[in-house]
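The structure appears right after this line, and notes come after that.
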Amino acid sequence: MRRWLTRRSRIPAVLRLTLAVILAAGAVAVLAAPSSEGQTSSGAGVPGGPPAGVNAPSKSPEPPAPGDPVKTFPDSPALRAQGYTLYQAGCSSCHGIALQGTPGVAPSLRGVGAGPVDFYLSTGRMPLEQPREEPQRAPALYTRGQIDALIAYVASFGGPPAPTADPAKGNLALGLHEFTLHCAGCHQVVARGGLTVNVPVPDLLAATPQQVAEAVRMGPYVMPHFGTRQIDQHDLDSIARYVLWTRHPVNAGGWAIYNLGPIPEGIVAWFMGLAALVIVARLIGERLA
Amino acid sequence: MNVLQRTLERRFLRGTRWLEQRLGAAKGIKWLLSYVFPDHWSFLLGEIALYAFIVLVGTGTFLALYYIPGDSQVIYHGPYALLQGEQMSEAYRSVVDLSFSVPAGLLFRQAHHWAADVFVAAIVLHLCRIFFTGAYRKPRDVNYFIGLTMLMLAILEGFAGYSLIDDLLSGMGLAIAYGVALSLPGIGAQLGYLVWGGPFPGSSSFLPRLEIVHVFLIPGTLAVLITLHLVMIMRQHHSQFPGPGRRERNVVGTPLWPAYALRSIGLLLAVAGVLFLLGGLVQINPIWQWGPFHPYLSENGAQPDWYIGWLIGALRLMPNWEPAIGNYTLIPNPFWGGAAFPLFVFIVMFAWPAIERRFTRDHLRHDLLDRPRDRPTRTAIGAAFLSWVMIIFAVGSTDRLFFRLHISYTAQIHFWRAGVWVLPILIFFITRSACRSLRRTDTHPMRAWQGTVVRRGPDGSITRLGDSADRTQSRPSEEPVGTVPAESER
């Protein structure tokens, strides 16, 4: 009688039935799945939405307010000519030979101005390999001189001047405040990145203040763009300063375990804390045997 | 050494006499000191939890001296530059001050938080030991129920502590908890109102209420239950693994005094040491980096402590299913993951001893433990159930763990919605056959087969003398045993 649980032949029908029910429930769950998009925001803390209009004509970058500092890039007919050559070789296949864009492939570059070009090229995002993938930070393909040439060429089609940010003028406390308000929902509060519903959001460990300013004003990919009414120049300087700070935040508590919070903490609690204590118990216990 | 020992003994005897003359306690003390603990390291897992609790009470008392459960908004002017001039609740400010301005405050805060994480982890591991060795069987099922209750309370207690601080993460956690409370069919709205004292984020009586729950109600209840747990263990005596000389009716092991007590004190010191080392060296919940909570704020990848993580996983995994009549939602979605799921897990665990009795028709008293392999079906069910909960738990952090792999979040969720059912079933069959083969060969899974002793005769022939494998642990005796209370055999 006591051996009942160990005898295969007598697995009761009840157990088989339970398994069947579980399987069926699994199937239902899978079938029900497509209706589930967006539910994560109901409670699980994953903000953001599906990538909308990725290849649609892009949002035009927000211009700096009058009186705000702007970033000027070198410009000359020779540079534009070099840019033209580079553009035709590396970009025209997607963005079109006259910057007009290709429907369903890549947006028009007319009127985007210098900022987005500098951002996409200096972070190595352009040229894309596959028009449908999310642009990723990569080692820049072009030298600074070539980037300047492409900027001179694309900016000659018009567009707002490129924004800039000076961290030295920023205020750290304001930076944390604004970053939590506008950016932490996607980039995590210590700028360690994460995943919104369908898009990986990069950490900001490599972005320069210039790139931060350009990203904020143009909003690459699913990131929204912010005008000077939401984030003015002082806020922008402060955000840039805060982003630099997140690389060496105040870790008064010791080893920072990536500043990610509970997940690494749980791993440490189990695999360092409890594991060490289990080893102690094992040692003490073994002596008893 | 000898002198010291003799002095100690004399002191001890004098102390006992003092007690005996006043309380007549000598007999009890004698019984206690010769109480026999069976020998196995896995019996110490519960003790780790016990000592973590002691560290929690100690450090928590310190923290309670500085914490202010106030929700009135103040402006920060402390030493930490990044919060200068920031608006925050009094509660949050008191914890930032505790971390930066109170001597050893951060050490105690971190040790307390690590202790909480390790406390619940140790309980879970202890529970696994109890389950897989069948220690929950009659007569110890009562104590098993107490243990499960303590696990539930420990989880609640941790969540309450996490939520007291009113930083960005705790606020987001409370928002989710509020959503779950509201989703309870029928009583949701009233319950939310009762606990929070108003719509989220609640009235100013919420934090004081939470503090009472966290520093008084739950710890007090836990202390009572722990005492009951221990008294019950002594009353029923420990169970033990089968082995030479170990029978249903005796306990073979080490007496409390002096051998076991010293080891146990050693373990207490080790627990405190590890927790304070972690508290001093590894940063946990750096609330100054998260910033204060305001209802309009959120951040990506916000997570609760690990022991709540399984609920986040369930909330995410659950398809968007909301039974409704017309426009009226009967059961809002968070109910399934946040309330029904943990309820189901605990109900299954509470019901398990009865379920097993029902199927094995084994109503006897058991003082000898099973090795996991000796009950392949139980072990397999336990492993499958555990993996089911663990997969759901892991889904709660997929966005964090896999975002570098660039697999779309929706695809991951769809994958796990199937995986959460398929994998445990696979694990069930794998575990069961592993148990069976282990039992057949009777090897230790870690030590395995250790070789065969052979003798070579003068003529070069080889005769086999037998396996050298450790076989001290024999199978449990098969003959049914009566309900004789266990007694130490010394």
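Labels for the structure tokens follow display order: chains A, B, ..., residues from 1 in each chain, ligands from 1.
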- Residues near stretch 117-126 of chain A, cut-off 6 Å, only C-alpha atoms, skip fewer than 4 positions along chain, as a list in words: Pro135, Gln136, Arg137, Ala138, Pro139, Ala140, Ile151 and Gln211 of chain A
- Task: Name the residues of stretch 233-300 of chain B that fall into strand (DSSP E or B) according to DSSP on the backbone, using the chain letters and numbers of this document, as an NGL selection string.
- Result: :B and (240 or 243 or 246 or 250-251 or 253-255 or 282 or 292)
- Which polymer residues have any atom within 8 Å of an atom of B:Pro332, counting only C-alpha atoms, with same-chain residues fewer than 5 positions away left out, as a list in words?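 Listed by chain and then number, they are Ser183, Leu184, Pro185, Glu322 and Pro323 of chain B.
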- Item | All residues 12 Å or closer to B:Gly382, only C-alpha atoms, same chain fewer than 3 positions away omitted, as a PyMOL selection string | chain B and resi 127-134+345+348-349+352+356+372-373+375-379+385-390+424-425+427-429+431-432
- The residue from A:Ala184, A:Ile279, A:Ala191, A:Val201 with the smallest atom-to-atom distance to chain B, counting only C-alpha atoms, is A:Ala184
- Item | Contact residues around stretch 267-277 of chain A with only C-alpha atoms at 7 Å, ignoring same-chain residues under 4 positions, as a VMD selection string | (chain A and resid 263 281) or (chain B and resid 114 117 to 118 121 to 122 271 274)
- Excluding B:Ile68 and any residue of its chain fewer than 5 positions from it, enumerate the residues within 9 Å of it, using only C-alpha atoms, and give them as a list in words. Glu90, Ala91, Tyr92, Arg93, Ser94, Val95, Leu207 and Pro208 of chain B
Taking 2 positions as the minimum chain separation for residues in the same chain, which residues sit within 6 Å of A:Leu99 when counting only C-alpha atoms? Answer as an mmCIF file with C-alpha atoms, in the first residue's frame.
```
data_model
loop_
_atom_site.group_PDB
_atom_site.id
_atom_site.type_symbol
_atom_site.label_atom_id
_atom_site.label_comp_id
_atom_site.auth_asym_id
_atom_site.auth_seq_id
_atom_site.Cartn_x
_atom_site.Cartn_y
_atom_site.Cartn_z
ATOM 1 C CA HIS A 95 16.666 57.310 -49.067
ATOM 2 C CA GLY A 96 16.457 57.908 -52.825
ATOM 3 C CA ILE A 97 18.861 59.674 -55.149
ATOM 4 C CA GLY A 101 12.799 58.670 -49.509
ATOM 5 C CA SER A 108 12.783 61.367 -46.877
ATOM 6 C CA LEU A 109 15.796 63.322 -45.684
ATOM 7 C CA ARG A 110 14.695 66.630 -47.125
#
```
- Task: From the DSSP assignment of the backbone, select every residue of stretch 21-151 of chain B that is helix (DSSP H, G or I), and format the answer as an MDAnalysis selection string.
- Result: chainID B and resid 21:23 26:33 41:64 81:83 90:100 105:132 141:151
- Using only C-alpha atoms, which of the listed residues (A:Arg80, A:His234, A:His177, A:Arg241) sits closest to A:Asp68?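 Closest candidate: A:His234.
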- Return the single residue from B:His366, B:His294, B:Arg316, B:Lys138 that is closest to chain A, with distances computed using only C-alpha atoms.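 Among the listed residues, B:Arg316 lies closest to chain A.
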